[in-house]
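*Asks:* Sharing final_7.csv (CSV, C-alpha atoms) below.
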chain,number,residue,atom,x,y,z
N,72,MET,CA,20.7,3.2,-21.9
N,73,SER,CA,23.2,0.4,-21.3
N,74,ILE,CA,21.5,-2.5,-19.6
N,75,PRO,CA,23.7,-5.0,-17.7
N,76,ARG,CA,23.1,-8.8,-17.9
N,77,THR,CA,23.1,-9.2,-14.1
N,78,GLN,CA,22.0,-7.1,-11.1
N,79,ARG,CA,21.8,-6.9,-7.4
N,80,ALA,CA,18.6,-8.1,-5.9
N,81,TRP,CA,17.1,-9.4,-2.7
N,82,LEU,CA,15.9,-13.0,-3.0
N,83,VAL,CA,13.5,-15.1,-1.0
N,84,ALA,CA,14.6,-18.7,-1.0
N,85,ALA,CA,12.4,-20.5,1.6
N,86,LYS,CA,9.5,-20.1,4.0
N,87,GLY,CA,10.1,-18.0,7.1
N,88,THR,CA,10.6,-14.5,8.4
N,89,PRO,CA,12.5,-11.9,6.4
N,90,ALA,CA,15.6,-12.3,8.6
N,91,GLN,CA,15.5,-16.0,8.0
N,92,VAL,CA,14.9,-16.2,4.2
N,93,LEU,CA,15.9,-12.9,2.6
N,94,ARG,CA,19.4,-12.7,1.1
N,95,MET,CA,21.2,-10.3,-1.2
N,96,ASP,CA,22.5,-11.7,-4.4
N,97,ASP,CA,24.9,-9.7,-6.6
N,98,ASN,CA,24.5,-12.0,-9.7
N,99,VAL,CA,20.8,-12.1,-10.5
N,100,PRO,CA,19.9,-12.0,-14.2
N,101,VAL,CA,18.2,-8.9,-15.3
N,102,PRO,CA,14.7,-10.0,-16.4
N,103,THR,CA,13.7,-10.5,-20.0
N,104,LEU,CA,10.5,-8.9,-21.2
N,105,ALA,CA,7.2,-10.3,-22.6
N,106,LYS,CA,4.9,-8.4,-24.8
N,107,GLY,CA,3.3,-5.4,-23.0
N,108,GLU,CA,6.1,-5.2,-20.4
N,109,VAL,CA,8.8,-2.6,-19.9
N,110,LEU,CA,12.1,-2.8,-18.0
N,111,VAL,CA,12.4,-0.2,-15.2
N,112,GLN,CA,15.6,0.7,-13.5
N,113,VAL,CA,14.4,0.9,-9.9
N,114,ARG,CA,15.2,4.0,-8.0
N,115,ALA,CA,13.1,3.3,-4.9
N,116,ALA,CA,10.8,0.5,-3.7
N,117,ALA,CA,8.3,0.4,-0.9
N,118,LEU,CA,7.7,-2.5,1.5
N,119,ASN,CA,4.2,-4.0,2.0
N,120,PRO,CA,2.9,-6.2,4.8
N,121,VAL,CA,1.6,-8.8,2.2
N,122,ALA,CA,5.2,-9.4,1.1
N,123,TYR,CA,6.6,-10.6,4.5
N,124,LYS,CA,3.3,-12.5,5.2
N,125,ILE,CA,3.7,-14.5,2.0
N,126,MET,CA,7.3,-15.2,3.0
N,127,GLY,CA,6.0,-16.9,6.1
N,128,MET,CA,3.2,-18.8,4.4
N,129,VAL,CA,4.4,-20.1,1.1
N,130,PRO,CA,6.3,-23.5,1.4
N,131,GLY,CA,9.2,-24.5,-0.8
N,132,PHE,CA,7.3,-26.9,-3.0
N,133,ILE,CA,5.3,-24.0,-4.3
N,134,LEU,CA,8.2,-21.6,-4.6
N,135,LYS,CA,10.3,-24.0,-6.7
N,136,ARG,CA,13.0,-21.3,-7.1
N,137,PRO,CA,14.0,-18.0,-5.3
N,138,TYR,CA,12.0,-14.9,-6.1
N,139,ILE,CA,12.4,-11.2,-5.8
N,140,PRO,CA,9.8,-9.8,-3.4
N,141,GLU,CA,7.8,-6.6,-3.2
N,142,HIS,CA,5.3,-4.7,-5.4
N,143,ASP,CA,5.8,-0.9,-5.4
N,144,LEU,CA,8.4,1.0,-7.3
N,145,ALA,CA,9.5,4.3,-8.8
N,146,GLY,CA,12.1,4.3,-11.5
N,147,ILE,CA,13.2,5.0,-15.0
N,148,VAL,CA,12.2,3.1,-18.1
N,149,VAL,CA,15.3,1.7,-19.7
N,150,ASP,CA,13.5,-0.6,-22.3
N,151,ALA,CA,10.2,0.6,-23.5
N,152,ASN,CA,9.6,-2.5,-25.5
N,153,GLY,CA,7.3,-0.9,-28.0
N,154,SER,CA,4.9,0.4,-25.3
N,155,LYS,CA,3.4,3.9,-24.8
N,156,PHE,CA,6.6,4.9,-22.8
N,157,LYS,CA,10.0,5.9,-24.1
N,158,THR,CA,13.4,5.3,-22.7
N,159,GLY,CA,14.2,7.7,-19.9
N,160,ASP,CA,10.6,8.2,-18.8
N,161,GLU,CA,10.2,8.6,-15.0
N,162,VAL,CA,7.4,6.3,-13.8
N,163,PHE,CA,5.9,4.7,-10.7
N,164,GLY,CA,3.4,1.9,-10.2
N,165,PHE,CA,3.1,-1.6,-8.7
N,166,LEU,CA,3.0,-5.3,-9.4
N,167,SER,CA,-0.4,-6.8,-8.5
N,168,ALA,CA,0.4,-10.5,-8.5
N,169,PRO,CA,2.6,-11.7,-5.6
N,170,PRO,CA,6.1,-12.3,-7.0
N,171,ALA,CA,6.1,-15.7,-5.3
N,172,PHE,CA,3.4,-16.9,-7.8
N,173,ARG,CA,4.7,-15.3,-11.0
N,174,ARG,CA,8.0,-15.1,-12.9
N,175,PRO,CA,10.6,-14.1,-10.4
N,176,SER,CA,10.8,-10.4,-10.7
N,177,GLY,CA,9.6,-8.3,-7.8
N,178,THR,CA,10.7,-4.7,-7.2
N,179,LEU,CA,13.3,-5.1,-4.5
N,180,ALA,CA,16.0,-5.2,-7.2
N,181,GLN,CA,18.0,-2.8,-9.4
N,182,TYR,CA,15.7,-3.7,-12.4
N,183,ALA,CA,12.1,-4.9,-12.6
N,184,ARG,CA,9.9,-6.0,-15.4
N,185,VAL,CA,6.5,-4.3,-15.1
N,186,PRO,CA,3.4,-4.3,-17.4
N,187,ALA,CA,3.2,-1.0,-19.1
N,188,SER,CA,-0.4,-0.7,-18.1
N,189,ALA,CA,0.6,-0.8,-14.4
N,190,LEU,CA,2.8,2.4,-14.7
N,191,VAL,CA,2.2,6.1,-15.0
N,192,CYS,CA,4.6,9.1,-15.1
N,193,ARG,CA,5.9,10.2,-11.8
N,194,PRO,CA,4.4,13.5,-10.5
N,195,THR,CA,7.1,16.1,-10.6
N,196,ASN,CA,6.2,17.6,-7.2
N,197,ILE,CA,7.3,14.6,-5.2
N,198,SER,CA,10.5,12.7,-4.6
N,199,TRP,CA,11.5,9.3,-5.8
N,200,THR,CA,11.0,7.8,-2.3
N,201,GLU,CA,7.7,9.5,-1.9
N,202,ALA,CA,6.5,8.2,-5.3
N,203,ALA,CA,7.5,4.6,-4.4
N,204,GLY,CA,5.2,4.6,-1.4
N,205,ILE,CA,2.1,5.6,-3.2
N,206,PRO,CA,0.8,3.1,-5.7
N,207,LEU,CA,-0.5,0.0,-4.0
N,208,VAL,CA,-1.9,1.6,-0.8
N,209,ALA,CA,-3.3,4.7,-2.5
N,210,MET,CA,-5.0,2.5,-5.2
N,211,THR,CA,-6.4,0.3,-2.5
N,212,ALA,CA,-8.0,3.3,-0.7
N,213,TYR,CA,-9.2,4.8,-4.0
N,214,GLN,CA,-10.9,1.7,-5.3
N,215,ALA,CA,-12.4,0.8,-1.9
N,216,LEU,CA,-14.0,4.2,-1.4
N,217,PHE,CA,-15.0,5.2,-4.9
N,218,LYS,CA,-15.1,2.0,-7.1
N,219,ILE,CA,-16.6,-0.4,-4.5
N,220,ALA,CA,-18.3,1.7,-1.9
N,221,LYS,CA,-19.4,4.4,-4.3
N,222,LEU,CA,-18.6,7.2,-1.8
N,223,GLU,CA,-19.9,10.6,-3.0
N,224,ALA,CA,-19.3,14.2,-2.1
N,225,GLY,CA,-21.2,15.2,1.0
N,226,GLN,CA,-21.3,11.7,2.5
N,227,SER,CA,-19.4,10.5,5.6
N,228,VAL,CA,-16.9,7.7,6.1
N,229,PHE,CA,-15.4,6.0,9.1
N,230,VAL,CA,-11.8,4.9,8.6
N,231,ASN,CA,-10.6,2.3,11.1
N,232,GLY,CA,-6.9,2.6,11.2
N,233,GLY,CA,-6.4,6.2,10.1
N,234,SER,CA,-2.6,6.1,10.8
N,235,THR,CA,-2.0,3.1,8.6
N,236,ALA,CA,-0.7,3.6,5.0
N,237,VAL,CA,-4.1,2.7,3.4
N,238,GLY,CA,-6.0,4.7,6.1
N,239,ALA,CA,-3.8,7.8,5.6
N,240,PHE,CA,-4.6,7.9,1.9
N,241,ALA,CA,-8.3,7.1,2.5
N,242,ILE,CA,-8.7,10.1,4.7
N,243,GLN,CA,-7.0,12.4,2.2
N,244,LEU,CA,-8.9,11.0,-0.8
N,245,ALA,CA,-12.3,11.3,1.0
N,246,LYS,CA,-11.6,14.9,2.1
N,247,ALA,CA,-10.4,15.8,-1.5
N,248,ASN,CA,-13.8,14.6,-2.7
N,249,GLY,CA,-15.8,16.7,-0.2
N,250,CYS,CA,-16.6,14.0,2.4
N,251,THR,CA,-16.8,14.1,6.1
N,252,VAL,CA,-14.2,11.7,7.8
N,253,ALA,CA,-14.0,10.1,11.2
N,254,ALA,CA,-11.0,7.9,11.9
N,255,SER,CA,-9.6,5.8,14.7
N,256,ALA,CA,-6.0,5.3,15.8
N,257,SER,CA,-4.0,5.3,19.0
N,258,GLY,CA,-3.9,8.5,20.9
N,259,LYS,CA,-0.3,9.2,20.1
N,260,ASN,CA,-1.3,9.4,16.4
N,261,GLU,CA,-4.1,11.9,16.9
N,262,ALA,CA,-2.2,14.9,15.6
N,263,PHE,CA,-1.1,12.9,12.6
N,264,VAL,CA,-4.6,11.7,11.7
N,265,ARG,CA,-6.2,15.1,12.2
N,266,GLY,CA,-3.4,16.6,10.1
N,267,LEU,CA,-4.5,14.4,7.2
N,268,GLY,CA,-7.9,16.0,7.4
N,269,ALA,CA,-10.0,13.8,9.7
N,270,ASP,CA,-12.9,15.7,11.2
N,271,GLU,CA,-13.4,13.4,14.1
N,272,PHE,CA,-10.9,11.2,15.9
N,273,PHE,CA,-11.4,8.2,18.1
N,274,ASP,CA,-8.7,6.7,20.3
N,275,TYR,CA,-9.1,2.9,20.2
N,276,THR,CA,-7.0,2.5,23.4
N,277,LYS,CA,-9.6,4.2,25.6
N,278,GLY,CA,-12.3,1.5,25.4
N,279,PRO,CA,-14.3,-0.7,23.1
N,280,LEU,CA,-14.7,1.1,19.8
N,281,HIS,CA,-18.3,0.2,19.2
N,282,GLU,CA,-19.3,1.5,22.6
N,283,THR,CA,-17.3,4.7,22.1
N,284,LEU,CA,-19.0,5.4,18.7
N,285,ALA,CA,-22.4,4.6,20.1
N,286,ALA,CA,-21.9,7.0,22.9
N,287,ALA,CA,-20.8,9.8,20.5
N,288,ASN,CA,-24.2,9.9,18.9
N,289,LEU,CA,-22.8,10.8,15.5
N,290,PRO,CA,-24.8,11.0,12.3
N,291,LYS,CA,-24.8,7.9,10.2
N,292,PHE,CA,-21.8,6.8,8.2
N,293,HIS,CA,-22.3,5.9,4.6
N,294,VAL,CA,-19.1,3.8,4.5
N,295,PHE,CA,-16.9,2.0,7.0
N,296,LEU,CA,-13.4,1.2,5.8
N,297,GLU,CA,-11.4,-1.3,7.8
N,298,ALA,CA,-7.8,-0.3,7.0
N,299,VAL,CA,-5.9,-2.1,9.8
N,300,GLY,CA,-5.7,-5.7,8.9
N,301,PRO,CA,-3.9,-8.2,11.2
N,302,GLN,CA,-3.1,-6.4,14.5
N,303,PRO,CA,0.1,-5.5,16.3
N,304,LYS,CA,0.3,-6.9,19.8
N,305,GLY,CA,-2.1,-5.2,22.2
N,306,PHE,CA,-4.5,-3.8,19.6
N,307,ASP,CA,-8.1,-4.7,20.5
N,308,ILE,CA,-9.9,-5.0,17.2
N,309,GLY,CA,-12.8,-6.8,18.9
N,310,GLY,CA,-14.6,-3.6,19.5
N,311,PHE,CA,-14.6,-2.6,15.8
N,312,TRP,CA,-15.9,-6.0,14.7
N,313,LYS,CA,-18.6,-5.8,17.3
N,314,LEU,CA,-19.6,-2.5,15.8
N,315,VAL,CA,-19.5,-4.0,12.3
N,316,TRP,CA,-21.8,-6.8,13.4
N,317,LYS,CA,-24.2,-4.4,15.1
N,318,VAL,CA,-24.7,-1.9,12.3
N,319,TYR,CA,-23.3,-3.6,9.2
N,320,LEU,CA,-23.7,-7.4,9.2
N,321,GLN,CA,-26.4,-8.1,11.7
N,322,PRO,CA,-29.4,-9.6,9.8
N,323,GLY,CA,-32.7,-7.8,9.7
N,324,TRP,CA,-34.5,-10.3,11.9
N,325,LEU,CA,-32.0,-9.4,14.6
N,326,GLY,CA,-32.5,-5.7,14.2
N,327,GLY,CA,-29.9,-5.0,11.6
N,328,THR,CA,-30.3,-2.8,8.5
N,329,ARG,CA,-29.6,-3.5,4.8
N,330,ARG,CA,-25.9,-3.1,4.2
N,331,SER,CA,-23.3,-4.8,1.9
N,332,TRP,CA,-19.8,-6.0,2.9
N,333,ARG,CA,-16.8,-6.5,0.6
N,334,ILE,CA,-13.3,-7.6,1.1
N,335,ILE,CA,-11.1,-5.5,-1.2
N,336,SER,CA,-8.4,-6.9,-3.4
N,337,VAL,CA,-6.8,-4.0,-5.3
N,338,ALA,CA,-6.9,-4.2,-9.1
N,339,ASN,CA,-4.0,-2.9,-11.2
N,340,ASN,CA,-5.8,-0.3,-13.3
N,341,GLY,CA,-3.9,2.4,-15.2
N,342,ASP,CA,-6.7,4.8,-15.3
N,343,ASP,CA,-7.2,4.7,-11.5
N,344,LEU,CA,-3.4,5.1,-11.0
N,345,GLN,CA,-3.5,8.1,-13.3
N,346,ARG,CA,-6.3,9.6,-11.2
N,347,VAL,CA,-4.2,9.1,-8.1
N,348,ALA,CA,-1.2,10.7,-9.8
N,349,ALA,CA,-3.4,13.7,-10.6
N,350,TYR,CA,-4.5,14.1,-7.0
N,351,VAL,CA,-0.8,14.1,-6.1
N,352,SER,CA,0.1,16.6,-8.8
N,353,GLU,CA,-2.7,18.9,-7.7
N,354,GLY,CA,-1.5,18.8,-4.1
N,355,LYS,CA,-4.8,17.2,-2.9
N,356,ILE,CA,-3.1,14.2,-1.4
N,357,LYS,CA,0.4,13.9,-0.1
N,358,PRO,CA,2.5,10.8,0.3
N,359,ILE,CA,3.4,9.7,3.8
N,360,VAL,CA,6.8,8.2,4.3
N,361,ASP,CA,7.6,6.7,7.7
N,362,SER,CA,11.2,6.0,7.0
N,363,THR,CA,13.8,5.2,4.3
N,364,PHE,CA,16.5,2.6,4.3
N,365,ALA,CA,19.5,1.9,2.1
N,366,PHE,CA,19.2,-1.0,-0.3
N,367,GLU,CA,21.7,-3.1,1.8
N,368,ASP,CA,19.6,-2.5,4.9
N,369,ALA,CA,16.3,-4.1,3.7
N,370,LEU,CA,16.3,-6.5,6.7
N,371,GLU,CA,16.3,-3.6,9.1
N,372,ALA,CA,13.4,-2.1,7.1
N,373,TYR,CA,11.4,-5.2,7.5
N,374,GLU,CA,12.1,-5.1,11.2
N,375,ARG,CA,10.6,-1.7,11.3
N,376,MET,CA,7.5,-2.9,9.4
N,377,THR,CA,6.9,-5.9,11.6
N,378,SER,CA,7.3,-3.8,14.7
N,379,GLY,CA,3.8,-2.3,14.1
N,380,ARG,CA,5.1,1.2,14.9
N,381,ALA,CA,5.4,2.6,11.4
N,382,THR,CA,3.2,5.5,10.4
N,383,GLY,CA,3.1,5.6,6.6
N,384,LYS,CA,5.3,3.8,4.1
N,385,ILE,CA,8.7,2.2,4.6
N,386,VAL,CA,10.8,2.8,1.5
N,387,ILE,CA,14.1,1.3,0.2
N,388,LYS,CA,16.5,3.5,-1.7
N,389,VAL,CA,17.7,1.1,-4.3
N,390,ASP,CA,19.6,3.9,-5.9
N,391,PRO,CA,21.6,5.5,-3.0
N,392,ASN,CA,21.6,8.9,-4.6
N,393,VAL,CA,17.8,9.5,-4.8
N,394,ASP,CA,15.9,11.8,-2.4
What would you get if you wrote out this structure as structure tokens?

*Replies:*
Amino acid sequence: MSIPRTQRAWLVAAKGTPAQVLRMDDNVPVPTLAKGEVLVQVRAAALNPVAYKIMGMVPGFILKRPYIPEHDLAGIVVDANGSKFKTGDEVFGFLSAPPAFRRPSGTLAQYARVPASALVCRPTNISWTEAAGIPLVAMTAYQALFKIAKLEAGQSVFVNGGSTAVGAFAIQLAKANGCTVAASASGKNEAFVRGLGADEFFDYTKGPLHETLAAANLPKFHVFLEAVGPQPKGFDIGGFWKLVWKVYLQPGWLGGTRRSWRIISVANNGDDLQRVAAYVSEGKIKPIVDSTFAFEDALEAYERMTSGRATGKIVIKVDPNVD
């Protein structure tokens, strides 16, 4: 395939909100490759909360130069660079290191340099935009449940934030592995969460979550997964953390039981991503896309993300012709 010298890309040039610091540049060099990397022509890229949070935290003396944001992508290999792939392969995957702290090549661009180990072939039963929204959040849910928490068939899990992108995949993955799932979300998302497979639903807006769960007299949960993160305005997370303290973190001398607690940082693991792709190919999990935006409308897409109203992934169609 013919590879141009320059491309269109969104650049972050300073610290601030997306509306303040993101700009489109039509003359960005197409990245050169190091050993083990491939060049991907991006068809679709998904937005992640971590990207706009980094925009608001990283000062200029660390940035040193503008960078291309975002992590997830689906696209076509145009330079296999001696890897396991060949030119024309349709792939999806994600960049684990924040682009602000690495060579400036995120995924919100027409071309991206990606480690070959971070990509797998795109399942043929999903669209480009669906594929772009899978890797980072699905891998987070998969590794949290099965690599860290060691969730097993027949066990039960509580997902706080069942309507979030990570929560939606966590519910589906747990059900695909024969687990019982309870999840929380606002009442307006109950049908959505139950449609993902949740056996029990709890509306966090009806009262403190720890009191609601205590009153429900449910059997024990083997795993609690906190999938919400920083809260939209009006969300009372205090109830959940009170629950975590009472049954998960409270020391034994205060009446607690033996439990472990981990903060999850997703690892870019090709085998895990291949397993996620297999779940998708087999129809055991389905991608959840909240909305799609044209490449030129990335600022509007970030507005949607920061609103706190999205259910599922927000995807940018870098190639306007993809589905």

*Asks:* Between N:Lys124, N:Arg375, N:Arg114, N:Lys246, which is the closest to N:Ile147 once you count all atoms listed in the file?

*Replies:*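 Under the stated criterion, the closest residue is N:Arg114.
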
*Asks:* When you look at N:Ala105 with a cut-off of 9 Å (counting only C-alpha atoms), what residues show up, excluding the ones that are within fewer than 6 positions of it in the same chain? I need them as a list in words.

*Replies:*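 Counting only C-alpha atoms, the residues come to Asn152, Arg184 and Pro186 of chain N.
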
*Asks:* Excluding N:Pro206 and any residue of its chain fewer than 4 positions from it, enumerate the residues within 8 Å of it, using only C-alpha atoms, and give them as a ChimeraX atom specification.

*Replies:* /N:143,163-165,202,210,344

*Asks:* List the spatial neighbours of N:Gly268 as a list in words - criterion: any atom at most 7 Å away, only C-alpha atoms, same-chain residues fewer than 2 positions off excluded.

*Replies:*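 Near neighbours after the sequence-gap exclusion: Ile242, Gln243, Lys246, Val264, Arg265, Gly266 and Asp270 of chain N.
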
*Asks:* Here's a test: counting all atoms listed in the file, identify every protein, DNA and RNA residue with an atom at most 12 Å from (0.4, 11.0, 6.0) in the file's coordinate frame, and state them as a ChimeraX atom specification.

*Replies:* /N:201,204-205,208-209,233-244,260-269,356-362,381-384

*Asks:* Output requested as a PDB file, in the coordinates of the input - stretch 144-160 of chain N, filled out with N, CA and C atoms.

*Replies:*
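See out38.pdb below for the written result:
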ATOM      1  N   LEU N 144       7.163   0.447  -6.842  1.00  0.00           N
ATOM      2  CA  LEU N 144       8.400   1.000  -7.300  1.00  0.00           C
ATOM      3  C   LEU N 144       8.266   2.357  -7.931  1.00  0.00           C
ATOM      4  N   ALA N 145       9.365   3.074  -7.965  1.00  0.00           N
ATOM      5  CA  ALA N 145       9.500   4.300  -8.800  1.00  0.00           C
ATOM      6  C   ALA N 145      10.849   4.192  -9.458  1.00  0.00           C
ATOM      7  N   GLY N 146      10.883   4.493 -10.754  1.00  0.00           N
ATOM      8  CA  GLY N 146      12.100   4.300 -11.500  1.00  0.00           C
ATOM      9  C   GLY N 146      12.085   4.894 -12.878  1.00  0.00           C
ATOM     10  N   ILE N 147      13.078   4.511 -13.680  1.00  0.00           N
ATOM     11  CA  ILE N 147      13.200   5.000 -15.000  1.00  0.00           C
ATOM     12  C   ILE N 147      13.110   3.909 -16.047  1.00  0.00           C
ATOM     13  N   VAL N 148      12.328   4.145 -17.070  1.00  0.00           N
ATOM     14  CA  VAL N 148      12.200   3.100 -18.100  1.00  0.00           C
ATOM     15  C   VAL N 148      13.485   3.052 -18.914  1.00  0.00           C
ATOM     16  N   VAL N 149      14.052   1.846 -18.987  1.00  0.00           N
ATOM     17  CA  VAL N 149      15.300   1.700 -19.700  1.00  0.00           C
ATOM     18  C   VAL N 149      15.073   0.783 -20.980  1.00  0.00           C
ATOM     19  N   ASP N 150      13.935   0.128 -21.065  1.00  0.00           N
ATOM     20  CA  ASP N 150      13.500  -0.600 -22.300  1.00  0.00           C
ATOM     21  C   ASP N 150      12.025  -0.477 -22.392  1.00  0.00           C
ATOM     22  N   ALA N 151      11.579   0.393 -23.313  1.00  0.00           N
ATOM     23  CA  ALA N 151      10.200   0.600 -23.500  1.00  0.00           C
ATOM     24  C   ALA N 151       9.432  -0.490 -24.175  1.00  0.00           C
ATOM     25  N   ASN N 152      10.158  -1.325 -24.922  1.00  0.00           N
ATOM     26  CA  ASN N 152       9.600  -2.500 -25.500  1.00  0.00           C
ATOM     27  C   ASN N 152       8.365  -2.285 -26.362  1.00  0.00           C
ATOM     28  N   GLY N 153       8.366  -1.175 -27.099  1.00  0.00           N
ATOM     29  CA  GLY N 153       7.300  -0.900 -28.000  1.00  0.00           C
ATOM     30  C   GLY N 153       5.994  -0.392 -27.304  1.00  0.00           C
ATOM     31  N   SER N 154       6.104  -0.002 -26.044  1.00  0.00           N
ATOM     32  CA  SER N 154       4.900   0.400 -25.300  1.00  0.00           C
ATOM     33  C   SER N 154       4.683   1.938 -25.486  1.00  0.00           C
ATOM     34  N   LYS N 155       3.749   2.473 -24.709  1.00  0.00           N
ATOM     35  CA  LYS N 155       3.400   3.900 -24.800  1.00  0.00           C
ATOM     36  C   LYS N 155       4.546   4.755 -24.191  1.00  0.00           C
ATOM     37  N   PHE N 156       5.479   4.137 -23.439  1.00  0.00           N
ATOM     38  CA  PHE N 156       6.600   4.900 -22.800  1.00  0.00           C
ATOM     39  C   PHE N 156       7.763   4.954 -23.758  1.00  0.00           C
ATOM     40  N   LYS N 157       8.713   5.806 -23.378  1.00  0.00           N
ATOM     41  CA  LYS N 157      10.000   5.900 -24.100  1.00  0.00           C
ATOM     42  C   LYS N 157      11.115   5.774 -23.106  1.00  0.00           C
ATOM     43  N   THR N 158      12.267   5.399 -23.586  1.00  0.00           N
ATOM     44  CA  THR N 158      13.400   5.300 -22.700  1.00  0.00           C
ATOM     45  C   THR N 158      13.701   6.612 -22.007  1.00  0.00           C
ATOM     46  N   GLY N 159      13.899   6.546 -20.708  1.00  0.00           N
ATOM     47  CA  GLY N 159      14.200   7.700 -19.900  1.00  0.00           C
ATOM     48  C   GLY N 159      12.941   8.272 -19.180  1.00  0.00           C
ATOM     49  N   ASP N 160      11.751   7.758 -19.484  1.00  0.00           N
ATOM     50  CA  ASP N 160      10.600   8.200 -18.800  1.00  0.00           C
ATOM     51  C   ASP N 160      10.643   7.849 -17.293  1.00  0.00           C
TER      52      ASP N 160
END
